[in-house]
Amino acid sequence: MEVVWAVGQVGAVWVAVVLGLIVVPSALGISLGISEVYMWVLVKTLEWATIRLQKGAKKPQPQMPLTPTANGIIERDETPMEKEIALLHRADFEFSHIFYFCRKGFEAIVEDEVTQRFSSEELLSWNLLTRTNVNFHYISLRLTVVWVIGVIVRYCFLLPLRFTLAAIGITSMIVGTTVVGQLPNGSVKNYLSEVVHLTCSRILVRALSGTIHYHNKENRPQKGGICVANHTSPIDAIILTNDGCYAMVGQVHGGLMGIIQRATVKACPHVWFERSEIKDRHLVTKRLREHVADKSKLPILIFPEGTCINNTSVMMFKKGSFEIGGTIYPVAIKYDPQFGDAFWNSSKYNIVSYLLRIMTSWAIVCNVWYLPPMVRKEDEDAVQFANRVRSAIARQGGLTELPWDGGLKRAKVKETFKEEQQKNYSKMLVRNGSVG
């Protein structure tokens, strides 16, 4: 009995400290400076570790920037196919004409520009976690001791703390939206719903040790509009709702996610589709247009890529989001991989494994840019509009813009893409006189 009583007392103190120092301040939108001190200590520690690695290595390494850039293993020549083979077709076909395609084939096998976007971004310097592009072995006793201390801190202190905060945030979301959902529709219900969503999102961001910098807040999405953003992780929605409320769009799920969906839709006009409905494009478009037409409803939050990309690039935007009409509010989200990998590789990790990785990382640090609203031009179709919005997001976030469909994460390249390249090549052969 004494052991049970002692465990109960420790648990009560733990919950009281978490509520008093984290939950209540985050619910009120204030900071006690704890996270700032934690980030300062973390940055100094990582800087010290980088210096120790450089000194301990056999060959001195150049000072690496804190924010890594793309570091492919192939130096590519981005010259278009037309220019590459234009000089080759002065006469009839020669065997050397295939060299361009052989080189491109080898490049695609070793390191194509699509599949590498579905794996975690490599780091230029070690962050005392496990993901790195260099196998750092034993360097020094002090560095090893710091790494061991970091493991203990992340798994024995941060993980229980973050789990507690996540449980409080999710429970508060379910209970709060269920209670608010019982109220009659009106301004009071809408106001209380936004308060519940904002409060719970702030608690969940604290559960990730999130440090988020919002830029150009004057461009935040307004009611009756559509917010579109690049997609890296399921926590993208939490990152955005930490600064404003949105109506979510997605498929109905089961389990804990289904409980949250059923509770939140009572208080807020989220748009959830059954599995059979989401395949009906006309039904989806109709419901979204009805939502956008009501200027009193929250802006819709949509991730047009349709899947998570590793935050180094922006891939093709599905045109459906841009056929609805209304004002588009682009948002660029860029995570700092130095402190934690926010990317969810759903082909490799299930949601439980992913959340464990997130909650045992140092922190989630990111920048969010609200871009000026955009509307579709008269001479612009949905695909062109989607590409224009994607380009704006890529430029602002410092991301590579790729024309490929994110669906290639799980599917093969469509035959039409191959046929298009074959047609382009055949046209060049005819135009240059090599055929006919």
# chains A, B, ... in the order shown; residues from 1 in each chain; ligands from 1
$ residues_around --residues "Glu290 (chain A)" --least-positions-apart "6" --cutoff "12 Å" --atoms "only C-alpha atoms" --output "PyMOL selection string"
chain A and resi 224-225+269+271+283-284+296-297+300+324-326
$ write_last_selection --atoms "all heavy atoms" --output "PDB file, in the first residue's frame"
ATOM      1  N   GLY A 224     -14.173  31.590 -45.571  1.00  0.00           N
ATOM      2  CA  GLY A 224     -14.665  31.477 -46.932  1.00  0.00           C
ATOM      3  C   GLY A 224     -13.571  31.231 -47.955  1.00  0.00           C
ATOM      4  O   GLY A 224     -13.859  31.189 -49.155  1.00  0.00           O
ATOM      5  N   GLY A 225     -12.327  31.059 -47.497  1.00  0.00           N
ATOM      6  CA  GLY A 225     -11.217  30.822 -48.413  1.00  0.00           C
ATOM      7  C   GLY A 225     -10.690  29.402 -48.300  1.00  0.00           C
ATOM      8  O   GLY A 225     -11.207  28.573 -47.553  1.00  0.00           O
ATOM      9  N   PRO A 269     -17.282  22.910 -38.518  1.00  0.00           N
ATOM     10  CA  PRO A 269     -17.718  22.320 -39.788  1.00  0.00           C
ATOM     11  C   PRO A 269     -16.588  21.705 -40.588  1.00  0.00           C
ATOM     12  O   PRO A 269     -16.286  22.123 -41.709  1.00  0.00           O
ATOM     13  CB  PRO A 269     -18.334  23.521 -40.522  1.00  0.00           C
ATOM     14  CG  PRO A 269     -17.575  24.697 -40.007  1.00  0.00           C
ATOM     15  CD  PRO A 269     -17.284  24.393 -38.564  1.00  0.00           C
ATOM     16  N   VAL A 271     -14.905  18.793 -42.913  1.00  0.00           N
ATOM     17  CA  VAL A 271     -15.480  18.068 -44.040  1.00  0.00           C
ATOM     18  C   VAL A 271     -14.830  16.691 -44.092  1.00  0.00           C
ATOM     19  O   VAL A 271     -13.717  16.527 -44.611  1.00  0.00           O
ATOM     20  CB  VAL A 271     -15.267  18.817 -45.372  1.00  0.00           C
ATOM     21  CG1 VAL A 271     -15.993  18.101 -46.508  1.00  0.00           C
ATOM     22  CG2 VAL A 271     -15.745  20.257 -45.258  1.00  0.00           C
ATOM     23  N   LEU A 283     -18.803  14.693 -56.035  1.00  0.00           N
ATOM     24  CA  LEU A 283     -19.369  14.862 -54.697  1.00  0.00           C
ATOM     25  C   LEU A 283     -18.430  15.660 -53.806  1.00  0.00           C
ATOM     26  O   LEU A 283     -18.867  16.560 -53.070  1.00  0.00           O
ATOM     27  CB  LEU A 283     -19.654  13.494 -54.067  1.00  0.00           C
ATOM     28  CG  LEU A 283     -20.160  13.516 -52.615  1.00  0.00           C
ATOM     29  CD1 LEU A 283     -21.481  14.257 -52.520  1.00  0.00           C
ATOM     30  CD2 LEU A 283     -20.291  12.096 -52.086  1.00  0.00           C
ATOM     31  N   VAL A 284     -17.134  15.362 -53.880  1.00  0.00           N
ATOM     32  CA  VAL A 284     -16.151  16.088 -53.079  1.00  0.00           C
ATOM     33  C   VAL A 284     -16.141  17.560 -53.454  1.00  0.00           C
ATOM     34  O   VAL A 284     -16.189  18.449 -52.586  1.00  0.00           O
ATOM     35  CB  VAL A 284     -14.747  15.479 -53.273  1.00  0.00           C
ATOM     36  CG1 VAL A 284     -13.693  16.342 -52.585  1.00  0.00           C
ATOM     37  CG2 VAL A 284     -14.702  14.060 -52.735  1.00  0.00           C
ATOM     38  N   SER A 296     -19.197  32.610 -43.616  1.00  0.00           N
ATOM     39  CA  SER A 296     -19.120  32.570 -42.159  1.00  0.00           C
ATOM     40  C   SER A 296     -18.352  31.359 -41.653  1.00  0.00           C
ATOM     41  O   SER A 296     -18.047  31.268 -40.458  1.00  0.00           O
ATOM     42  CB  SER A 296     -20.532  32.564 -41.556  1.00  0.00           C
ATOM     43  OG  SER A 296     -21.228  31.377 -41.922  1.00  0.00           O
ATOM     44  N   LYS A 297     -18.037  30.410 -42.559  1.00  0.00           N
ATOM     45  CA  LYS A 297     -17.342  29.190 -42.153  1.00  0.00           C
ATOM     46  C   LYS A 297     -15.837  29.382 -42.221  1.00  0.00           C
ATOM     47  O   LYS A 297     -15.318  30.201 -42.986  1.00  0.00           O
ATOM     48  CB  LYS A 297     -17.777  28.018 -43.037  1.00  0.00           C
ATOM     49  CG  LYS A 297     -19.214  27.577 -42.803  1.00  0.00           C
ATOM     50  CD  LYS A 297     -19.546  26.335 -43.600  1.00  0.00           C
ATOM     51  CE  LYS A 297     -20.961  25.843 -43.291  1.00  0.00           C
ATOM     52  NZ  LYS A 297     -21.302  24.621 -44.059  1.00  0.00           N
ATOM     53  N   ILE A 300     -10.941  26.365 -45.431  1.00  0.00           N
ATOM     54  CA  ILE A 300     -10.612  24.946 -45.589  1.00  0.00           C
ATOM     55  C   ILE A 300      -9.087  24.798 -45.643  1.00  0.00           C
ATOM     56  O   ILE A 300      -8.395  25.589 -46.287  1.00  0.00           O
ATOM     57  CB  ILE A 300     -11.234  24.384 -46.873  1.00  0.00           C
ATOM     58  CG1 ILE A 300     -12.764  24.410 -46.779  1.00  0.00           C
ATOM     59  CG2 ILE A 300     -10.768  22.966 -47.136  1.00  0.00           C
ATOM     60  CD1 ILE A 300     -13.452  23.949 -48.041  1.00  0.00           C
ATOM     61  N   ILE A 324     -12.400  24.476 -57.241  1.00  0.00           N
ATOM     62  CA  ILE A 324     -13.534  24.806 -56.373  1.00  0.00           C
ATOM     63  C   ILE A 324     -13.961  26.248 -56.546  1.00  0.00           C
ATOM     64  O   ILE A 324     -15.140  26.585 -56.491  1.00  0.00           O
ATOM     65  CB  ILE A 324     -13.158  24.539 -54.894  1.00  0.00           C
ATOM     66  CG1 ILE A 324     -12.769  23.074 -54.730  1.00  0.00           C
ATOM     67  CG2 ILE A 324     -14.306  24.901 -53.967  1.00  0.00           C
ATOM     68  CD1 ILE A 324     -12.192  22.762 -53.369  1.00  0.00           C
ATOM     69  N   GLY A 325     -12.980  27.114 -56.778  1.00  0.00           N
ATOM     70  CA  GLY A 325     -13.267  28.547 -56.829  1.00  0.00           C
ATOM     71  C   GLY A 325     -12.938  29.189 -55.504  1.00  0.00           C
ATOM     72  O   GLY A 325     -12.552  28.533 -54.525  1.00  0.00           O
ATOM     73  N   GLY A 326     -13.082  30.495 -55.428  1.00  0.00           N
ATOM     74  CA  GLY A 326     -12.774  31.200 -54.193  1.00  0.00           C
ATOM     75  C   GLY A 326     -11.309  31.623 -54.145  1.00  0.00           C
ATOM     76  O   GLY A 326     -10.527  31.395 -55.068  1.00  0.00           O
TER      77      GLY A 326
END
$ residues_around --residues "region 200-202 of chain A" --least-positions-apart "2" --cutoff "6 Å" --atoms "only C-alpha atoms" --output "list in words"
Ser26, Gly169, Met173, His197, Leu198, Leu204, Val205, Ile238 and Asn242 of chain A
$ residues_around --residues "Val252 (chain A)" --least-positions-apart "2" --cutoff "12 Å" --atoms "only C-alpha atoms" --output "PyMOL selection string"
chain A and resi 248-250+254-262+265+270-278
$ write_last_selection --atoms "N, CA, C and O atoms" --output "PDB file, in the first residue's frame"
ATOM      1  N   MET A 248     -10.948  21.161 -41.466  1.00  0.00           N
ATOM      2  CA  MET A 248     -10.140  20.102 -42.061  1.00  0.00           C
ATOM      3  C   MET A 248     -10.928  19.338 -43.122  1.00  0.00           C
ATOM      4  O   MET A 248     -12.153  19.232 -43.046  1.00  0.00           O
ATOM      5  N   VAL A 249     -10.213  18.792 -44.072  1.00  0.00           N
ATOM      6  CA  VAL A 249     -10.800  17.969 -45.125  1.00  0.00           C
ATOM      7  C   VAL A 249     -10.053  16.642 -45.147  1.00  0.00           C
ATOM      8  O   VAL A 249      -8.815  16.622 -45.144  1.00  0.00           O
ATOM      9  N   GLY A 250     -10.779  15.541 -45.121  1.00  0.00           N
ATOM     10  CA  GLY A 250     -10.103  14.256 -45.146  1.00  0.00           C
ATOM     11  C   GLY A 250     -11.065  13.095 -45.086  1.00  0.00           C
ATOM     12  O   GLY A 250     -12.292  13.259 -45.086  1.00  0.00           O
ATOM     13  N   GLY A 254     -10.948   5.184 -38.373  1.00  0.00           N
ATOM     14  CA  GLY A 254     -11.405   4.475 -37.188  1.00  0.00           C
ATOM     15  C   GLY A 254     -10.452   4.716 -36.034  1.00  0.00           C
ATOM     16  O   GLY A 254      -9.518   5.516 -36.124  1.00  0.00           O
ATOM     17  N   GLY A 255     -10.663   4.010 -34.940  1.00  0.00           N
ATOM     18  CA  GLY A 255      -9.773   4.117 -33.795  1.00  0.00           C
ATOM     19  C   GLY A 255      -9.798   5.480 -33.145  1.00  0.00           C
ATOM     20  O   GLY A 255     -10.819   6.193 -33.157  1.00  0.00           O
ATOM     21  N   LEU A 256      -8.647   5.871 -32.571  1.00  0.00           N
ATOM     22  CA  LEU A 256      -8.552   7.150 -31.870  1.00  0.00           C
ATOM     23  C   LEU A 256      -8.799   8.320 -32.809  1.00  0.00           C
ATOM     24  O   LEU A 256      -9.474   9.284 -32.449  1.00  0.00           O
ATOM     25  N   MET A 257      -8.261   8.236 -34.040  1.00  0.00           N
ATOM     26  CA  MET A 257      -8.473   9.311 -35.005  1.00  0.00           C
ATOM     27  C   MET A 257      -9.954   9.467 -35.321  1.00  0.00           C
ATOM     28  O   MET A 257     -10.457  10.586 -35.453  1.00  0.00           O
ATOM     29  N   GLY A 258     -10.667   8.368 -35.422  1.00  0.00           N
ATOM     30  CA  GLY A 258     -12.104   8.439 -35.685  1.00  0.00           C
ATOM     31  C   GLY A 258     -12.862   9.081 -34.544  1.00  0.00           C
ATOM     32  O   GLY A 258     -13.813   9.847 -34.769  1.00  0.00           O
ATOM     33  N   ILE A 259     -12.460   8.799 -33.302  1.00  0.00           N
ATOM     34  CA  ILE A 259     -13.103   9.427 -32.142  1.00  0.00           C
ATOM     35  C   ILE A 259     -12.897  10.935 -32.177  1.00  0.00           C
ATOM     36  O   ILE A 259     -13.827  11.715 -31.934  1.00  0.00           O
ATOM     37  N   ILE A 260     -11.676  11.362 -32.495  1.00  0.00           N
ATOM     38  CA  ILE A 260     -11.383  12.799 -32.581  1.00  0.00           C
ATOM     39  C   ILE A 260     -12.199  13.446 -33.695  1.00  0.00           C
ATOM     40  O   ILE A 260     -12.754  14.539 -33.527  1.00  0.00           O
ATOM     41  N   GLN A 261     -12.297  12.775 -34.844  1.00  0.00           N
ATOM     42  CA  GLN A 261     -13.055  13.329 -35.965  1.00  0.00           C
ATOM     43  C   GLN A 261     -14.528  13.505 -35.611  1.00  0.00           C
ATOM     44  O   GLN A 261     -15.126  14.553 -35.894  1.00  0.00           O
ATOM     45  N   ARG A 262     -15.112  12.481 -35.006  1.00  0.00           N
ATOM     46  CA  ARG A 262     -16.540  12.565 -34.664  1.00  0.00           C
ATOM     47  C   ARG A 262     -16.803  13.627 -33.604  1.00  0.00           C
ATOM     48  O   ARG A 262     -17.876  14.258 -33.602  1.00  0.00           O
ATOM     49  N   VAL A 265     -16.190  17.368 -35.343  1.00  0.00           N
ATOM     50  CA  VAL A 265     -17.144  17.793 -36.360  1.00  0.00           C
ATOM     51  C   VAL A 265     -18.436  18.308 -35.727  1.00  0.00           C
ATOM     52  O   VAL A 265     -19.209  19.037 -36.372  1.00  0.00           O
ATOM     53  N   HIS A 270     -15.922  20.692 -40.014  1.00  0.00           N
ATOM     54  CA  HIS A 270     -14.935  19.949 -40.795  1.00  0.00           C
ATOM     55  C   HIS A 270     -15.652  19.149 -41.883  1.00  0.00           C
ATOM     56  O   HIS A 270     -16.845  18.841 -41.775  1.00  0.00           O
ATOM     57  N   VAL A 271     -14.905  18.793 -42.913  1.00  0.00           N
ATOM     58  CA  VAL A 271     -15.480  18.068 -44.040  1.00  0.00           C
ATOM     59  C   VAL A 271     -14.830  16.691 -44.092  1.00  0.00           C
ATOM     60  O   VAL A 271     -13.717  16.527 -44.611  1.00  0.00           O
ATOM     61  N   TRP A 272     -15.516  15.700 -43.523  1.00  0.00           N
ATOM     62  CA  TRP A 272     -15.004  14.329 -43.524  1.00  0.00           C
ATOM     63  C   TRP A 272     -15.773  13.497 -44.545  1.00  0.00           C
ATOM     64  O   TRP A 272     -16.992  13.588 -44.647  1.00  0.00           O
ATOM     65  N   PHE A 273     -15.051  12.681 -45.304  1.00  0.00           N
ATOM     66  CA  PHE A 273     -15.652  11.844 -46.344  1.00  0.00           C
ATOM     67  C   PHE A 273     -15.486  10.371 -45.988  1.00  0.00           C
ATOM     68  O   PHE A 273     -14.449   9.966 -45.459  1.00  0.00           O
ATOM     69  N   GLU A 274     -16.505   9.587 -46.311  1.00  0.00           N
ATOM     70  CA  GLU A 274     -16.374   8.145 -46.220  1.00  0.00           C
ATOM     71  C   GLU A 274     -15.462   7.655 -47.356  1.00  0.00           C
ATOM     72  O   GLU A 274     -15.262   8.356 -48.352  1.00  0.00           O
ATOM     73  N   ARG A 275     -14.928   6.444 -47.192  1.00  0.00           N
ATOM     74  CA  ARG A 275     -14.004   5.920 -48.194  1.00  0.00           C
ATOM     75  C   ARG A 275     -14.655   5.860 -49.581  1.00  0.00           C
ATOM     76  O   ARG A 275     -14.015   6.136 -50.596  1.00  0.00           O
ATOM     77  N   SER A 276     -15.943   5.502 -49.626  1.00  0.00           N
ATOM     78  CA  SER A 276     -16.636   5.404 -50.909  1.00  0.00           C
ATOM     79  C   SER A 276     -16.899   6.784 -51.505  1.00  0.00           C
ATOM     80  O   SER A 276     -16.906   6.952 -52.726  1.00  0.00           O
ATOM     81  N   GLU A 277     -17.092   7.789 -50.655  1.00  0.00           N
ATOM     82  CA  GLU A 277     -17.394   9.138 -51.138  1.00  0.00           C
ATOM     83  C   GLU A 277     -16.171   9.841 -51.702  1.00  0.00           C
ATOM     84  O   GLU A 277     -16.272  10.612 -52.662  1.00  0.00           O
ATOM     85  N   ILE A 278     -15.012   9.593 -51.088  1.00  0.00           N
ATOM     86  CA  ILE A 278     -13.827  10.360 -51.475  1.00  0.00           C
ATOM     87  C   ILE A 278     -13.365  10.014 -52.882  1.00  0.00           C
ATOM     88  O   ILE A 278     -12.603  10.749 -53.508  1.00  0.00           O
TER      89      ILE A 278
END
$ residues_around --residues "Lys377 (chain A)" --least-positions-apart "3" --cutoff "12 Å" --atoms "only C-alpha atoms" --output "CSV table (one decimal) with all heavy atoms, in the first residue's frame"
chain,number,residue,atom,x,y,z
A,322,PHE,N,-8.1,23.4,-56.8
A,322,PHE,CA,-8.1,24.7,-57.5
A,322,PHE,C,-9.3,24.8,-58.5
A,322,PHE,O,-9.3,25.8,-59.3
A,322,PHE,CB,-6.8,24.9,-58.2
A,322,PHE,CG,-5.6,24.8,-57.3
A,322,PHE,CD1,-5.0,23.5,-57.0
A,322,PHE,CD2,-5.1,25.9,-56.7
A,322,PHE,CE1,-3.9,23.4,-56.1
A,322,PHE,CE2,-4.0,25.8,-55.8
A,322,PHE,CZ,-3.5,24.6,-55.5
A,325,GLY,N,-13.0,27.1,-56.8
A,325,GLY,CA,-13.3,28.5,-56.8
A,325,GLY,C,-12.9,29.2,-55.5
A,325,GLY,O,-12.6,28.5,-54.5
A,326,GLY,N,-13.1,30.5,-55.4
A,326,GLY,CA,-12.8,31.2,-54.2
A,326,GLY,C,-11.3,31.6,-54.1
A,326,GLY,O,-10.5,31.4,-55.1
A,327,THR,N,-10.9,32.2,-53.0
A,327,THR,CA,-9.6,32.7,-52.9
A,327,THR,C,-8.7,31.7,-52.3
A,327,THR,O,-9.0,31.0,-51.3
A,327,THR,CB,-9.6,34.0,-51.9
A,327,THR,OG1,-10.5,35.0,-52.5
A,327,THR,CG2,-8.2,34.5,-51.8
A,328,ILE,N,-7.5,31.5,-52.8
A,328,ILE,CA,-6.5,30.6,-52.3
A,328,ILE,C,-5.5,31.3,-51.5
A,328,ILE,O,-4.9,32.4,-51.9
A,328,ILE,CB,-5.8,29.9,-53.5
A,328,ILE,CG1,-6.7,29.1,-54.3
A,328,ILE,CG2,-4.6,29.0,-53.0
A,328,ILE,CD1,-7.3,27.9,-53.6
A,374,MET,N,-4.2,34.5,-53.5
A,374,MET,CA,-4.2,34.3,-55.0
A,374,MET,C,-5.5,33.9,-55.5
A,374,MET,O,-6.2,33.1,-54.9
A,374,MET,CB,-3.1,33.3,-55.4
A,374,MET,CG,-1.7,33.7,-54.9
A,374,MET,SD,-0.5,32.4,-55.2
A,374,MET,CE,-0.3,32.5,-57.0
A,380,GLU,N,-6.7,31.2,-67.3
A,380,GLU,CA,-5.9,30.2,-66.6
A,380,GLU,C,-6.8,29.0,-66.2
A,380,GLU,O,-7.9,29.1,-65.6
A,380,GLU,CB,-5.3,30.8,-65.3
A,380,GLU,CG,-4.2,30.1,-64.7
A,380,GLU,CD,-3.6,30.9,-63.5
A,380,GLU,OE1,-4.3,31.5,-62.8
A,380,GLU,OE2,-2.3,30.9,-63.4
A,381,ASP,N,-6.3,27.7,-66.5
A,381,ASP,CA,-7.0,26.6,-66.1
A,381,ASP,C,-6.6,26.1,-64.7
A,381,ASP,O,-5.6,26.7,-64.2
A,381,ASP,CB,-6.9,25.4,-67.1
A,381,ASP,CG,-5.5,25.0,-67.3
A,381,ASP,OD1,-4.6,25.1,-66.4
A,381,ASP,OD2,-5.2,24.4,-68.4
A,382,ALA,N,-7.2,25.1,-64.2
A,382,ALA,CA,-6.9,24.7,-62.8
A,382,ALA,C,-5.5,24.2,-62.7
A,382,ALA,O,-4.8,24.4,-61.6
A,382,ALA,CB,-7.9,23.6,-62.4
A,383,VAL,N,-5.0,23.5,-63.7
A,383,VAL,CA,-3.6,23.0,-63.6
A,383,VAL,C,-2.6,24.1,-63.6
A,383,VAL,O,-1.6,24.1,-62.8
A,383,VAL,CB,-3.3,22.0,-64.8
A,383,VAL,CG1,-1.8,21.6,-64.8
A,383,VAL,CG2,-4.2,20.8,-64.7
A,384,GLN,N,-2.8,25.1,-64.4
A,384,GLN,CA,-1.9,26.3,-64.5
A,384,GLN,C,-1.9,27.0,-63.1
A,384,GLN,O,-0.9,27.5,-62.6
A,384,GLN,CB,-2.2,27.2,-65.6
A,384,GLN,CG,-2.0,26.5,-67.0
A,384,GLN,CD,-2.5,27.4,-68.1
A,384,GLN,OE1,-3.5,28.1,-68.0
A,384,GLN,NE2,-1.9,27.3,-69.3
A,385,PHE,N,-3.1,27.2,-62.6
A,385,PHE,CA,-3.3,27.9,-61.3
A,385,PHE,C,-2.6,27.1,-60.2
A,385,PHE,O,-1.9,27.7,-59.4
A,385,PHE,CB,-4.8,28.0,-61.0
A,385,PHE,CG,-5.1,28.9,-59.8
A,385,PHE,CD1,-4.2,29.9,-59.4
A,385,PHE,CD2,-6.2,28.6,-59.1
A,385,PHE,CE1,-4.5,30.6,-58.3
A,385,PHE,CE2,-6.5,29.4,-57.9
A,385,PHE,CZ,-5.6,30.4,-57.5
A,386,ALA,N,-2.7,25.8,-60.2
A,386,ALA,CA,-2.1,25.0,-59.2
A,386,ALA,C,-0.6,25.1,-59.3
A,386,ALA,O,0.1,25.2,-58.3
A,386,ALA,CB,-2.5,23.5,-59.3
A,388,ARG,N,1.1,27.7,-60.5
A,388,ARG,CA,1.5,29.0,-60.0
A,388,ARG,C,1.6,29.1,-58.5
A,388,ARG,O,2.5,29.7,-57.9
A,388,ARG,CB,0.5,30.0,-60.6
A,388,ARG,CG,0.9,31.5,-60.3
A,388,ARG,CD,0.2,32.4,-61.3
A,388,ARG,NE,-1.2,32.3,-61.2
A,388,ARG,CZ,-2.0,33.1,-60.5
A,388,ARG,NH1,-1.4,34.0,-59.7
A,388,ARG,NH2,-3.3,33.0,-60.5
$ closest_residue --among "A:Ile226, A:Leu19, A:Val24, A:Ala332" --to "Lys295 (chain A)" --atoms "only C-alpha atoms"
A:Ile226
$ residues_around --residues "region 42-48 of chain A" --least-positions-apart "6" --cutoff "12 Å" --atoms "only C-alpha atoms" --output "ChimeraX atom specification"
/A:35-36,54-55,63-66,125-129,142-143,146-147,149-150,153,209,338-340,361-363,365
